[in-house]
file start-v3.txt (compact mmCIF, C-alpha atoms)
# COMPACT_ATOMS: atom_id res chain seq x y z
CA MET A 1 6.98 -21.65 -9.19
CA SER A 2 8.97 -19.62 -11.70
CA HIS A 3 9.54 -15.99 -10.81
CA ALA A 4 10.84 -14.93 -14.24
CA ARG A 5 7.35 -14.42 -15.64
CA LEU A 6 4.17 -13.88 -13.72
CA SER A 7 1.22 -16.20 -14.28
CA PRO A 8 -2.25 -14.84 -15.24
CA ARG A 9 -3.37 -15.59 -11.68
CA GLN A 10 -0.52 -13.47 -10.31
CA TYR A 11 -1.43 -10.61 -12.65
CA LEU A 12 -5.02 -10.93 -11.40
CA ILE A 13 -3.81 -10.58 -7.80
CA LEU A 14 -1.79 -7.46 -8.72
CA GLY A 15 -4.93 -6.12 -10.44
CA LEU A 16 -6.97 -6.68 -7.27
CA VAL A 17 -4.35 -4.78 -5.25
CA ALA A 18 -4.53 -1.87 -7.70
CA LEU A 19 -8.35 -1.81 -7.78
CA CYS A 20 -9.30 -2.44 -4.14
CA ALA A 21 -6.92 0.17 -2.68
CA PRO A 22 -8.24 3.23 -4.61
CA LEU A 23 -11.86 2.13 -4.24
CA GLY A 24 -11.32 1.72 -0.50
CA ASP A 25 -9.58 5.11 -0.21
CA THR A 26 -12.41 6.78 -2.11
CA CYS A 27 -15.02 5.26 0.21
CA LEU A 28 -12.99 6.48 3.20
CA SER A 29 -12.81 9.99 1.75
CA ARG A 30 -16.54 10.00 1.06
CA GLY A 31 -17.19 8.95 4.65
CA MET A 32 -14.68 11.29 6.30
CA THR A 33 -15.70 14.44 4.41
CA GLY A 34 -19.26 13.93 5.69
CA LEU A 35 -18.09 14.05 9.30
CA PRO A 36 -17.29 17.12 11.40
CA ASP A 37 -13.60 18.08 11.78
CA ILE A 38 -11.65 15.63 13.93
CA THR A 39 -8.94 16.99 16.25
CA LEU A 40 -6.26 15.35 18.37
CA ALA A 41 -8.06 16.80 21.40
CA HIS A 42 -10.89 14.28 20.81
CA PRO A 43 -9.27 11.11 19.38
CA ALA A 44 -12.32 8.95 20.25
CA THR A 45 -14.24 10.54 17.37
CA LEU A 46 -11.72 8.94 15.00
CA ILE A 47 -12.58 5.48 16.39
CA ALA A 48 -16.33 6.18 16.10
CA ALA A 49 -15.82 7.12 12.42
CA VAL A 50 -14.76 3.52 11.68
CA PHE A 51 -18.37 2.32 12.22
CA THR A 52 -20.07 4.65 9.71
CA PRO A 53 -21.28 2.94 6.46
CA TRP A 54 -18.87 4.50 3.94
CA ILE A 55 -15.89 4.03 6.25
CA ALA A 56 -16.94 0.41 6.91
CA LEU A 57 -17.22 -0.29 3.15
CA GLY A 58 -13.82 1.32 2.63
CA ILE A 59 -12.35 -0.91 5.32
CA ALA A 60 -13.88 -4.04 3.70
CA LEU A 61 -12.28 -3.11 0.37
CA LEU A 62 -8.97 -2.44 2.08
CA ILE A 63 -9.10 -5.88 3.72
CA GLY A 64 -9.46 -7.35 0.20
CA PHE A 65 -6.50 -5.21 -0.84
CA PHE A 66 -4.41 -6.42 2.08
CA ALA A 67 -5.06 -10.12 1.41
CA SER A 68 -4.05 -9.68 -2.24
CA TYR A 69 -1.07 -7.54 -1.23
CA LEU A 70 0.27 -10.16 1.20
CA THR A 71 -0.06 -12.86 -1.45
CA ALA A 72 1.83 -10.71 -3.98
CA LEU A 73 4.59 -9.96 -1.47
CA SER A 74 5.12 -13.69 -0.94
CA TRP A 75 6.31 -14.16 -4.56
CA ALA A 76 7.58 -10.72 -5.62
CA ASP A 77 9.85 -7.92 -4.36
CA LEU A 78 8.34 -5.05 -2.39
CA THR A 79 9.97 -2.67 -4.89
CA PHE A 80 8.12 -4.50 -7.67
CA VAL A 81 4.71 -4.90 -6.03
CA LEU A 82 4.30 -1.27 -4.95
CA PRO A 83 5.11 0.38 -8.31
CA ALA A 84 3.26 -2.28 -10.30
CA THR A 85 0.13 -1.49 -8.33
CA ALA A 86 0.61 2.29 -8.25
CA PHE A 87 -1.70 2.49 -11.26
CA GLY A 88 -4.30 2.88 -8.53
CA ASN A 89 -3.28 6.56 -8.42
CA VAL A 90 -4.83 7.01 -11.84
CA ILE A 91 -8.01 5.32 -10.62
CA VAL A 92 -8.05 7.61 -7.54
CA ALA A 93 -7.75 10.70 -9.75
CA LEU A 94 -10.60 9.50 -11.97
CA LEU A 95 -12.81 8.67 -8.98
CA ALA A 96 -12.00 11.97 -7.26
CA ARG A 97 -12.81 13.91 -10.42
CA PHE A 98 -15.96 12.13 -11.59
CA TRP A 99 -17.44 10.77 -8.34
CA LEU A 100 -16.37 13.22 -5.62
CA HIS A 101 -16.30 16.15 -8.12
CA GLU A 102 -12.96 17.40 -6.80
CA PRO A 103 -11.13 19.77 -9.17
CA ILE A 104 -7.95 18.33 -10.69
CA SER A 105 -5.57 20.72 -12.46
CA LEU A 106 -3.50 19.97 -15.56
CA GLU A 107 -0.37 19.82 -13.37
CA ARG A 108 -1.90 17.07 -11.26
CA TRP A 109 -2.91 15.15 -14.37
CA ALA A 110 0.70 15.48 -15.60
CA GLY A 111 1.85 14.10 -12.24
CA VAL A 112 -0.46 11.13 -12.58
CA VAL A 113 0.91 10.47 -16.10
CA LEU A 114 4.55 10.61 -14.89
CA ILE A 115 3.78 8.22 -12.04
CA THR A 116 2.18 5.84 -14.50
CA VAL A 117 5.26 6.00 -16.78
CA GLY A 118 7.48 5.32 -13.75
CA VAL A 119 5.34 2.33 -12.88
CA GLY A 120 5.72 1.09 -16.46
CA PHE A 121 9.54 1.11 -16.05
CA VAL A 122 9.39 -1.14 -13.01
CA ALA A 123 6.71 -3.45 -14.35
CA ARG A 124 8.94 -4.37 -17.33
CA GLY A 125 11.72 -5.64 -15.06
CA PRO A 126 12.09 -8.87 -13.04
CA SER A 127 9.59 -9.34 -10.23
CA LEU A 128 11.93 -10.98 -7.70
CA THR A 129 15.58 -10.55 -6.66
CA GLU A 130 17.43 -13.80 -7.36
CA ARG A 131 18.74 -15.42 -4.17
CA PRO A 132 20.37 -18.78 -3.36
CA MET A 133 17.74 -21.51 -3.18
CA ALA A 134 16.51 -22.12 0.38
CA GLN A 135 13.23 -23.72 1.37
CA GLU A 136 11.28 -21.47 3.70
CA PRO A 137 10.25 -22.92 7.10
CA ALA A 138 6.53 -22.35 6.56
CA LEU A 139 6.67 -23.93 3.10
CA ALA A 140 8.55 -26.95 4.45
CA GLU A 141 5.98 -27.29 7.22
CA ALA A 142 3.14 -27.06 4.71
CA ALA A 143 4.77 -29.71 2.53
CA HIS A 144 5.12 -31.97 5.58
CA ALA A 145 1.44 -31.43 6.49
CA GLY A 146 0.45 -32.17 2.88
CA LYS A 147 2.27 -35.53 2.97
CA GLU A 148 0.55 -36.41 6.24
CA HIS A 149 -2.85 -35.80 4.62
CA VAL A 150 -1.89 -38.20 1.79
CA MET B 1 2.98 16.77 18.53
CA ILE B 2 0.89 18.21 15.69
CA THR B 3 -1.54 20.89 16.79
CA ILE B 4 -4.50 21.66 14.57
CA PRO B 5 -6.26 24.99 15.21
CA TYR B 6 -10.00 24.62 15.65
CA PRO B 7 -11.86 25.26 13.45
CA ALA B 8 -9.36 24.35 10.70
CA PRO B 9 -10.88 25.26 7.33
CA GLN B 10 -7.69 24.90 5.24
CA PRO B 11 -4.51 23.40 6.75
CA GLY B 12 -1.29 25.32 6.01
CA PHE B 13 1.61 23.95 3.96
CA TRP B 14 3.62 22.64 6.93
CA THR B 15 0.58 21.08 8.60
CA ALA B 16 -0.34 19.29 5.38
CA THR B 17 3.31 18.19 4.96
CA ALA B 18 3.38 16.83 8.52
CA MET B 19 0.15 14.89 7.93
CA ILE B 20 1.50 13.29 4.73
CA ALA B 21 4.94 12.64 6.30
CA ALA B 22 3.32 10.77 9.19
CA ILE B 23 1.51 8.51 6.70
CA ILE B 24 4.71 7.88 4.71
CA LEU B 25 6.98 7.04 7.66
CA THR B 26 4.58 4.65 9.36
CA SER B 27 3.55 3.11 6.04
CA THR B 28 7.15 2.49 4.93
CA ALA B 29 8.06 0.85 8.24
CA GLY B 30 4.93 -1.31 8.02
CA GLU B 31 5.47 -2.34 4.42
CA VAL B 32 9.14 -3.24 4.86
CA LEU B 33 8.36 -5.32 7.97
CA THR B 34 5.40 -7.01 6.23
CA ALA B 35 7.46 -7.76 3.11
CA ALA B 36 10.21 -9.26 5.28
CA ALA B 37 7.58 -11.39 7.03
CA MET B 38 6.08 -12.66 3.76
CA LYS B 39 9.52 -13.49 2.36
CA SER B 40 10.33 -15.47 5.51
CA ILE B 41 7.04 -17.40 5.15
CA GLY B 42 7.41 -18.28 1.46
CA ASP B 43 5.08 -18.44 -1.57
CA LEU B 44 1.51 -18.34 -0.18
CA ASP B 45 0.11 -19.93 -3.37
CA GLU B 46 2.35 -22.98 -2.86
CA ILE B 47 1.53 -23.19 0.85
CA ARG B 48 -2.19 -23.03 0.07
CA ALA B 49 -1.80 -25.73 -2.59
CA LEU B 50 -0.09 -27.98 -0.06
CA SER B 51 -2.07 -27.36 3.12
CA GLY B 52 -5.14 -25.37 2.11
CA LEU B 53 -6.32 -21.86 3.00
CA LYS B 54 -6.16 -22.62 6.73
CA GLY B 55 -2.52 -23.58 6.39
CA ALA B 56 -1.74 -20.35 4.54
CA ILE B 57 -3.56 -18.25 7.14
CA ARG B 58 -1.80 -20.14 9.96
CA ALA B 59 1.59 -19.56 8.31
CA VAL B 60 0.93 -15.80 8.21
CA LEU B 61 -0.59 -15.51 11.69
CA THR B 62 2.24 -17.40 13.39
CA CYS B 63 4.89 -15.01 12.06
CA PRO B 64 5.79 -12.35 14.71
CA LEU B 65 7.34 -10.05 12.10
CA PHE B 66 3.94 -9.88 10.38
CA PHE B 67 2.32 -8.39 13.50
CA ALA B 68 5.08 -5.79 13.79
CA GLY B 69 4.35 -4.77 10.19
CA VAL B 70 0.59 -4.72 10.71
CA SER B 71 1.00 -2.49 13.78
CA PHE B 72 2.79 0.14 11.72
CA LEU B 73 0.28 -0.23 8.87
CA ALA B 74 -2.54 0.35 11.39
CA LEU B 75 -0.81 3.56 12.51
CA ALA B 76 -0.52 4.57 8.85
CA PHE B 77 -4.24 3.87 8.35
CA PHE B 78 -5.31 6.16 11.18
CA ALA B 79 -2.85 8.83 9.97
CA LEU B 80 -4.58 8.53 6.56
CA LEU B 81 -8.06 8.84 8.10
CA PHE B 82 -6.92 11.96 9.97
CA ALA B 83 -5.42 13.54 6.85
CA LEU B 84 -8.50 12.74 4.73
CA ASN B 85 -10.60 14.67 7.23
CA HIS B 86 -8.64 17.84 6.41
CA LEU B 87 -7.20 17.45 2.89
CA ASN B 88 -8.49 16.46 -0.55
CA LEU B 89 -8.33 12.77 -1.49
CA SER B 90 -6.74 13.65 -4.85
CA LEU B 91 -3.77 15.17 -2.95
CA VAL B 92 -3.45 12.80 0.03
CA ALA B 93 -3.81 9.46 -1.77
CA PRO B 94 -1.40 10.02 -4.71
CA ALA B 95 1.15 12.01 -2.65
CA SER B 96 1.37 9.50 0.20
CA ALA B 97 1.26 6.46 -2.12
CA SER B 98 3.90 7.83 -4.48
CA LEU B 99 6.33 9.13 -1.86
CA THR B 100 5.96 5.81 -0.04
CA LEU B 101 7.14 4.23 -3.28
CA VAL B 102 10.39 6.22 -3.12
CA THR B 103 11.03 5.61 0.58
CA ASN B 104 10.29 1.92 0.01
CA ALA B 105 12.84 1.74 -2.82
CA ILE B 106 15.47 3.08 -0.40
CA ALA B 107 14.32 0.90 2.50
CA GLY B 108 13.99 -2.15 0.21
CA LYS B 109 17.60 -1.81 -0.92
CA ILE B 110 18.97 -1.17 2.59
CA PHE B 111 16.88 -3.51 4.74
CA LEU B 112 15.51 -6.16 2.35
CA LYS B 113 18.62 -6.29 0.10
CA GLU B 114 16.43 -6.11 -2.99
CA ASN B 115 17.99 -5.52 -6.39
CA VAL B 116 16.94 -1.89 -6.90
CA ASP B 117 18.49 -1.40 -10.35
CA ARG B 118 18.63 1.66 -12.63
CA ARG B 119 15.19 0.84 -13.95
CA ARG B 120 13.71 1.02 -10.46
CA TRP B 121 15.63 4.20 -9.53
CA ALA B 122 14.46 5.84 -12.79
CA SER B 123 10.95 4.94 -11.76
CA ALA B 124 11.53 6.57 -8.35
CA VAL B 125 12.74 9.82 -10.01
CA LEU B 126 9.74 9.93 -12.35
CA VAL B 127 7.44 9.38 -9.40
CA CYS B 128 9.18 12.20 -7.46
CA ILE B 129 8.52 14.63 -10.32
CA GLY B 130 4.98 13.34 -10.53
CA VAL B 131 4.45 14.00 -6.83
CA TYR B 132 5.92 17.51 -7.17
CA LEU B 133 3.38 18.24 -9.89
CA LEU B 134 0.59 16.66 -7.87
CA ALA B 135 1.41 18.90 -4.89
CA HIS B 136 0.99 22.07 -6.96
call {"tool": "encode", "arguments": {"input": "start-v3.txt", "output": "structure tokens"}}
result
Amino acid sequence: MSHARLSPRQYLILGLVALCAPLGDTCLSRGMTGLPDITLAHPATLIAAVFTPWIALGIALLIGFFASYLTALSWADLTFVLPATAFGNVIVALLARFWLHEPISLERWAGVVLITVGVGFVARGPSLTERPMAQEPALAEAAHAGKEHV
Amino acid sequence: MITIPYPAPQPGFWTATAMIAAIILTSTAGEVLTAAAMKSIGDLDEIRALSGLKGAIRAVLTCPLFFAGVSFLALAFFALLFALNHLNLSLVAPASASLTLVTNAIAGKIFLKENVDRRRWASAVLVCIGVYLLAH
């Protein structure tokens, strides 16, 4: 697979990473703000929070994020994947403002814009550091298993 | 050890900084370890094409480095839950995500030997300024 240009499928995976993470975080926030304050003196309450509906939905979305994230990391640099998906910050700000009704100042909006510009810089560059060709063990094993099936 | 006074209506500056720093450190360690694991495994799309979804899942789950990364990411997740209980989402999520971007650029260059060129450093600087504005 060529790493010079990403395929539409790979862009779709990056899009899923960007979308699932902020949606999951927002669900977590919605769930956690509805709970009483949690202190380190009673850590068990943090475990119990995992089983409340909003937290559970947030976790489901974050599992979707993680699957997409792992796939992206298998064909792109970490320093490409993270910035390219940081557009989620903009989505978080929009969700926080219009869904959770949290106040967002002009300075914070400016911060979101600068982050987005920074992400744009990275997204225009190569997605993977060029290295000498070497077939990975897992890929070689998969290829061997594929031949056996044939 | 972080001590939170009870009740804690509004955490102070240093308490909020400690909460976000805990997320960033554990998250960076987790992401670098996970990225190293995925690079050692290879392109998941190609593995899935050759041996199906089960083969791709097996390739991931038989990599010890992956579990080291996931352990740190789990720590980061609970640090995030804890912070969200005390701070606004619009501060915690962008600040932790963006600062993690900067620490990952440094860790990616040092530990993963990634080509962090001027373009990527410029991005890190812009994100730093963005985070400064977000924190005010």
call {"tool": "atom_distance", "arguments": {"input": "start-v3.txt", "atom1": "atom CA of Ala72 of chain A", "atom2": "atom CA of Leu99 of chain B"}}
result
20.5 Å
call {"tool": "interface_residues", "arguments": {"input": "start-v3.txt", "of": "chain A", "to": "chain B", "cutoff": "7 Å", "atoms": "all atoms listed in the file", "output": "count of residues only"}}
result
40
call {"tool": "atom_distance", "arguments": {"input": "start-v3.txt", "atom1": "atom CA of Leu62 of chain A", "atom2": "atom CA of Pro36 of chain A"}}
result
23.2 Å
call {"tool": "closest_residue", "arguments": {"input": "start-v3.txt", "among": "A:Ala44, A:Ile55, A:Asp25, A:Glu130", "to": "Ser96 of chain B", "atoms": "all atoms listed in the file"}}
result
A:Asp25
call {"tool": "atom_distance", "arguments": {"input": "start-v3.txt", "atom1": "atom CA of Ala21 of chain A", "atom2": "atom CA of Pro43 of chain A"}}
result
24.7 Å
call {"tool": "residues_around", "arguments": {"input": "start-v3.txt", "residues": "Leu57 of chain A", "least_positions_apart": "6", "cutoff": "9 Å", "atoms": "all atoms listed in the file", "output": "list of chain:residue names"}}
result
A:Gly24, A:Cys27, A:Leu28
call {"tool": "residues_around", "arguments": {"input": "start-v3.txt", "residues": "segment 10-17 of chain A", "least_positions_apart": "6", "cutoff": "6 Å", "atoms": "only C-alpha atoms", "output": "ChimeraX atom specification"}}
result
/A:65,68-69
call {"tool": "closest_residue", "arguments": {"input": "start-v3.txt", "among": "A:Ile91, A:Leu40, A:Ala67, A:Leu61", "to": "Ile57 of chain B", "atoms": "all atoms listed in the file"}}
result
A:Ala67
call {"tool": "closest_residue", "arguments": {"input": "start-v3.txt", "among": "A:Gly120, A:Gly34, A:Pro22, A:Pro103", "to": "Gly64 of chain A", "atoms": "only C-alpha atoms"}}
result
A:Pro22
call {"tool": "decode", "arguments": {"input": "start-v3.txt", "residues": "segment 33-85 of chain A", "atoms": "C-alpha atoms", "output": "tab-separated table (two decimals), in the first residue's frame"}}
result
chain	number	residue	atom	x	y	z
A	33	THR	CA	-21.34	16.38	35.76
A	34	GLY	CA	-24.57	14.67	36.84
A	35	LEU	CA	-22.74	12.74	39.57
A	36	PRO	CA	-21.71	13.99	43.01
A	37	ASP	CA	-18.06	15.06	43.46
A	38	ILE	CA	-15.63	12.15	43.36
A	39	THR	CA	-12.59	12.22	45.68
A	40	LEU	CA	-9.49	10.06	45.97
A	41	ALA	CA	-10.75	9.08	49.43
A	42	HIS	CA	-13.52	7.04	47.73
A	43	PRO	CA	-12.06	5.68	44.46
A	44	ALA	CA	-14.78	3.00	44.15
A	45	THR	CA	-17.28	5.69	43.14
A	46	LEU	CA	-15.18	6.28	40.01
A	47	ILE	CA	-15.60	2.60	39.03
A	48	ALA	CA	-19.37	2.75	39.68
A	49	ALA	CA	-19.60	5.80	37.37
A	50	VAL	CA	-18.54	3.60	34.43
A	51	PHE	CA	-21.92	1.79	34.52
A	52	THR	CA	-24.17	4.87	34.25
A	53	PRO	CA	-25.90	5.32	30.81
A	54	TRP	CA	-24.08	8.44	29.56
A	55	ILE	CA	-20.70	7.12	30.68
A	56	ALA	CA	-21.44	3.74	29.06
A	57	LEU	CA	-22.39	5.44	25.76
A	58	GLY	CA	-19.23	7.53	25.96
A	59	ILE	CA	-17.17	4.38	26.46
A	60	ALA	CA	-18.84	2.69	23.45
A	61	LEU	CA	-17.94	5.68	21.26
A	62	LEU	CA	-14.40	5.68	22.60
A	63	ILE	CA	-14.06	1.98	21.73
A	64	GLY	CA	-15.01	2.92	18.14
A	65	PHE	CA	-12.40	5.67	18.32
A	66	PHE	CA	-9.74	3.27	19.57
A	67	ALA	CA	-10.34	0.70	16.82
A	68	SER	CA	-10.05	3.42	14.16
A	69	TYR	CA	-7.04	4.93	15.93
A	70	LEU	CA	-5.15	1.61	16.00
A	71	THR	CA	-5.85	1.07	12.31
A	72	ALA	CA	-4.57	4.57	11.47
A	73	LEU	CA	-1.42	4.05	13.55
A	74	SER	CA	-0.63	0.91	11.56
A	75	TRP	CA	-0.13	2.92	8.34
A	76	ALA	CA	0.76	6.45	9.52
A	77	ASP	CA	3.10	8.21	11.97
A	78	LEU	CA	1.85	9.02	15.46
A	79	THR	CA	2.87	12.64	14.83
A	80	PHE	CA	0.61	12.62	11.75
A	81	VAL	CA	-2.40	10.79	13.18
A	82	LEU	CA	-2.77	12.90	16.33
A	83	PRO	CA	-2.68	16.35	14.67
A	84	ALA	CA	-4.75	15.20	11.69
A	85	THR	CA	-7.49	14.14	14.08
